[in-house]
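Below is structure_29.cif, holding mmCIF, C-alpha atoms.
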data_structure
#
loop_
_atom_site.label_atom_id
_atom_site.label_comp_id
_atom_site.auth_asym_id
_atom_site.auth_seq_id
_atom_site.Cartn_x
_atom_site.Cartn_y
_atom_site.Cartn_z
CA MET L 1 116.84 72.40 117.70
CA LYS L 2 118.43 70.98 114.56
CA PRO L 3 117.82 73.13 111.47
CA LEU L 4 115.77 71.79 108.58
CA LEU L 5 118.20 73.32 106.06
CA THR L 6 121.31 75.46 105.87
CA ILE L 7 121.86 77.45 102.71
CA GLY L 8 125.10 79.16 101.76
CA ILE L 9 124.59 82.25 99.59
CA LEU L 10 127.41 83.79 97.58
CA SER L 11 127.89 86.08 94.60
CA ASP L 12 130.41 87.42 92.12
CA THR L 13 133.25 84.94 92.10
CA HIS L 14 135.81 87.30 90.59
CA GLY L 15 139.03 85.41 91.20
CA PHE L 16 139.84 82.79 93.79
CA ILE L 17 137.14 82.17 96.41
CA HIS L 18 138.40 82.56 99.98
CA PRO L 19 139.05 79.13 101.62
CA GLY L 20 136.85 80.17 104.58
CA ILE L 21 133.89 80.59 102.24
CA ILE L 22 134.55 77.24 100.56
CA SER L 23 134.68 75.52 103.97
CA LEU L 24 131.52 77.26 105.19
CA ILE L 25 129.49 76.60 102.02
CA ASN L 26 130.57 72.94 101.99
CA GLN L 27 129.00 72.50 105.44
CA CYS L 28 125.64 73.73 104.07
CA ASP L 29 122.90 71.64 102.51
CA ILE L 30 122.49 73.95 99.52
CA ALA L 31 124.64 76.62 97.88
CA ILE L 32 123.09 79.51 95.98
CA HIS L 33 125.13 81.73 93.67
CA ALA L 34 123.92 85.02 92.17
CA GLY L 35 125.86 87.36 89.91
CA ASP L 36 129.00 86.76 87.91
CA ILE L 37 130.68 83.38 87.87
CA ILE L 38 134.06 84.24 86.45
CA ASP L 39 136.28 81.76 88.27
CA LYS L 40 134.51 78.51 87.42
CA GLU L 41 137.42 76.39 88.66
CA SER L 42 137.20 77.60 92.25
CA LEU L 43 133.41 77.27 92.06
CA LEU L 44 133.96 73.52 91.49
CA LEU L 45 135.42 73.35 95.02
CA LEU L 46 131.94 74.08 96.36
CA LYS L 47 130.32 70.76 97.17
CA PRO L 48 127.23 71.32 99.31
CA LYS L 49 125.41 68.25 100.55
CA GLN L 50 122.38 68.48 98.27
CA LYS L 51 122.85 70.67 95.23
CA LEU L 52 124.41 73.79 93.81
CA VAL L 53 122.01 76.35 92.39
CA ALA L 54 124.01 78.65 90.16
CA VAL L 55 122.56 81.66 88.42
CA GLN L 56 125.33 82.12 85.92
CA GLY L 57 126.50 85.66 85.32
CA ASN L 58 128.28 87.18 82.38
CA ASN L 59 131.96 87.44 81.54
CA ASP L 60 131.80 90.56 79.40
CA ALA L 61 132.52 93.50 81.71
CA HIS L 62 128.81 93.85 82.56
CA LEU L 63 127.87 94.84 79.02
CA THR L 64 124.99 92.41 78.75
CA ARG L 65 121.85 92.92 80.78
CA LEU L 66 120.66 89.42 81.53
CA ARG L 67 117.31 88.29 82.85
CA MET L 68 118.25 85.19 84.79
CA VAL L 69 116.27 84.10 87.82
CA GLU L 70 115.80 80.94 89.86
CA LYS L 71 112.86 80.14 92.13
CA ILE L 72 113.76 77.89 95.05
CA ASP L 73 110.94 76.40 97.13
CA LEU L 74 111.82 76.02 100.81
CA PRO L 75 109.96 75.23 104.05
CA GLY L 76 107.91 78.33 104.86
CA GLY L 77 108.23 80.08 101.51
CA PHE L 78 110.38 80.50 98.45
CA ILE L 79 113.49 82.44 97.47
CA MET L 80 113.93 84.24 94.17
CA VAL L 81 117.55 84.48 93.01
CA ASP L 82 118.00 87.36 90.59
CA HIS L 83 121.17 87.70 88.54
CA GLY L 84 121.20 91.38 89.42
CA HIS L 85 121.50 93.25 86.15
CA THR L 86 117.73 93.44 85.77
CA HIS L 87 117.46 95.78 88.73
CA GLY L 88 120.56 97.85 88.15
CA HIS L 89 124.21 97.03 88.64
CA ALA L 90 125.64 99.73 90.90
CA LYS L 91 122.55 100.60 92.93
CA PRO L 92 119.84 97.97 92.66
CA SER L 93 116.38 99.25 93.39
CA HIS L 94 115.24 97.43 96.49
CA GLU L 95 111.69 98.66 95.92
CA SER L 96 111.79 97.23 92.41
CA LEU L 97 112.92 93.85 93.78
CA LYS L 98 110.16 93.94 96.40
CA ASN L 99 107.53 94.74 93.81
CA THR L 100 108.74 92.17 91.28
CA TYR L 101 108.93 89.32 93.78
CA ALA L 102 106.27 90.40 96.26
CA ASP L 103 105.24 86.81 97.10
CA ALA L 104 108.78 85.64 97.87
CA LYS L 105 110.07 85.21 101.39
CA MET L 106 113.51 86.42 100.23
CA VAL L 107 115.14 87.91 97.13
CA VAL L 108 118.84 87.24 96.60
CA TYR L 109 120.65 89.37 94.05
CA GLY L 110 124.22 89.81 92.91
CA HIS L 111 126.44 92.50 91.47
CA SER L 112 126.78 94.89 94.34
CA HIS L 113 130.00 93.95 96.08
CA LYS L 114 128.78 95.46 99.34
CA GLN L 115 126.88 93.05 101.53
CA LEU L 116 123.25 93.83 102.29
CA ILE L 117 120.71 92.16 104.57
CA GLU L 118 117.31 93.87 104.67
CA GLN L 119 115.11 91.71 106.89
CA ASP L 120 112.62 94.27 108.09
CA SER L 121 110.50 94.07 104.97
CA THR L 122 108.56 91.58 102.90
CA PRO L 123 110.21 90.05 101.03
CA TRP L 124 113.64 90.07 102.64
CA ILE L 125 116.23 91.57 100.30
CA VAL L 126 119.79 90.23 100.55
CA ASN L 127 123.03 90.58 98.65
CA PRO L 128 125.89 88.38 99.84
CA GLY L 129 128.61 90.67 98.45
CA ALA L 130 131.57 89.44 96.39
CA ALA L 131 132.96 86.02 97.28
CA GLY L 132 136.11 86.33 95.18
CA ASN L 133 139.41 87.80 96.33
CA VAL L 134 139.58 90.28 93.44
CA ARG L 135 137.65 93.60 93.38
CA ASN L 136 135.77 92.62 96.50
CA HIS L 137 135.81 95.89 98.43
CA GLY L 138 136.73 94.78 101.93
CA GLY L 139 137.05 91.02 102.25
CA SER L 140 135.36 88.00 100.75
CA LYS L 141 131.70 87.78 101.70
CA CYS L 142 128.86 85.28 101.90
CA LEU L 143 125.66 84.68 103.85
CA VAL L 144 124.26 81.60 105.54
CA LEU L 145 120.50 81.15 105.79
CA THR L 146 119.43 78.69 108.47
CA ILE L 147 115.86 77.40 108.26
CA ILE L 148 115.02 76.06 111.70
CA SER L 149 111.32 75.65 110.91
CA ALA L 150 108.84 76.97 108.36
CA GLN L 151 108.25 79.93 110.68
CA ASN L 152 111.86 80.49 111.79
CA TRP L 153 114.42 81.63 109.22
CA GLN L 154 117.70 83.20 110.32
CA ILE L 155 120.42 84.76 108.19
CA LYS L 156 124.00 85.50 109.18
CA SER L 157 126.71 87.53 107.49
CA HIS L 158 130.23 86.16 107.01
CA ILE L 159 133.18 88.31 105.92
CA PHE L 160 136.66 86.83 105.54
CA SER L 161 139.74 89.06 105.36
CA GLN L 162 142.21 88.49 102.57
#
Output the structure of this file as structure tokens.
Amino acid sequence: MKPLLTIGILSDTHGFIHPGIISLINQCDIAIHAGDIIDKESLLLLKPKQKLVAVQGNNDAHLTRLRMVEKIDLPGGFIMVDHGHTHGHAKPSHESLKNTYADAKMVVYGHSHKQLIEQDSTPWIVNPGAAGNVRNHGGSKCLVLTIISAQNWQIKSHIFSQ
């Protein structure tokens, strides 16, 4: 069955984005970015089929706590993209995200370079991990959400070695 939508999800573009991520995201219908956008030039290489939703982060060593969110309506529900600082930088509170966006199907947040996929709750909580090749703690990371139908969403982790 052909999917309705494929959505590439990435975060924290500290430095050059891995070519594998660029290739993968460019095959998707939509790209979503959460967290810091520091390397804007490599971000321009991302050309998804429909649109790029970028929640722009800060460039100031995480000194500013920003409240930046995007709501993205999709078949079967909506995603909230949270910049990440609002729920803590080092250890985001997953319960806080769940409570804040209780009606969402999924919450995407940035700023924790470790990848997280928590699907056994409502809403789903995901962090794609750092997409850049600098400070990325174990490879360049992204997620791909495939919406097969309004009732069937699937998410897959992708990690590319340096």
Subject >> Minimum-distance residue to Phe78 in chain L, chosen among L:Trp124, L:Tyr109, L:Phe160, L:Phe16 (using all atoms listed in the file) >> reply: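 Looking at the shortest contact to Phe78 in chain L, the residue is L:Trp124.
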Quick one: apply the PyMOL selection byres ((chain L and resi 35) around 6) to the file and drop the selected residues here as a PDB file with C-alpha atoms, keeping the file's coordinate frame.
ATOM      1  CA  SER L  11     127.890  86.080  94.600  1.00  0.00           C
ATOM      2  CA  ASP L  12     130.410  87.420  92.120  1.00  0.00           C
ATOM      3  CA  ALA L  34     123.920  85.020  92.170  1.00  0.00           C
ATOM      4  CA  ASP L  36     129.000  86.760  87.910  1.00  0.00           C
ATOM      5  CA  GLY L  57     126.500  85.660  85.320  1.00  0.00           C
ATOM      6  CA  HIS L  83     121.170  87.700  88.540  1.00  0.00           C
ATOM      7  CA  GLY L 110     124.220  89.810  92.910  1.00  0.00           C
ATOM      8  CA  HIS L 111     126.440  92.500  91.470  1.00  0.00           C
TER       9      HIS L 111
END
Subject >> Residues matched by the PyMOL selection byres ((chain L and resi 117-120) around 10), written as a PyMOL selection string >> reply: chain L and resi 94+105-108+115-116+121-128+143+154-157
Original post:
When the PyMOL selection byres ((chain L and resi 19) around 10) is applied to the file above, which residues end up in the set, as a list in words?
Top reply: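 Given this file, the PyMOL selection byres ((chain L and resi 19) around 10) evaluates to Phe16, Ile17, His18, Gly20, Ile21, Ile22, Ser23, Leu24, Ile25, Ser42, Leu45, Ser140, Phe160 and Gln162 of chain L.
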**OP:** Would you mind telling me which residue in L:Leu52, L:Ala131, L:Leu74, L:Val69 lies nearest to Ser112 in chain L when using only C-alpha atoms?
**Re:**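 For Ser112 in chain L, the nearest of the given residues is L:Ala131.
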**OP:** Work out how far apart CA of Lys98 in chain L and CA of Lys51 in chain L are and give it in Å to one decimal.
**Re:**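 If I compute the distance from CA of Lys98 in chain L to CA of Lys51 in chain L, I get 26.5 Å.
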Subject >> Nearest-residue call for Gln27 in chain L, choices L:Asn99, L:Gln151, L:Thr13, L:Thr146, using all atoms listed in the file >> reply: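 When distances to Gln27 in chain L are compared using all atoms listed in the file, the smallest one comes from L:Thr146.
CA of Glu95 in chain L is found 22.3 Å from CA of Ile32 in chain L.
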Subject >> Among listed residues L:Ile9, L:Asp73, L:Leu97, L:Ala150, nearest Ala130 in chain L (using all atoms listed in the file) >> reply: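 Closest to Ala130 in chain L of all the choices is L:Ile9.
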**OP:** Tell me, in Å to one decimal, how far CA of Asn152 in chain L is from CA of Gly76 in chain L.
**Re:**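 Computed distance, CA of Asn152 in chain L to CA of Gly76 in chain L, equals 8.3 Å.
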For range 32-43 of chain L, what centre and edge lengths in Å (one decimal) does the axis-aligned box get once 6 Å is added on each side of all its listed atoms, as JSON?
{"center_x": 130.3, "center_y": 81.9, "center_z": 91.2, "size_x": 26.3, "size_y": 23.0, "size_z": 21.5}
**OP:** Considering only C-alpha atoms, state which residue in the set L:Thr6, L:Ile147, L:Ile79, L:Gly132 is at the smallest distance from Leu43 in chain L.
**Re:**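 Closest residue, counting only C-alpha atoms: L:Gly132.
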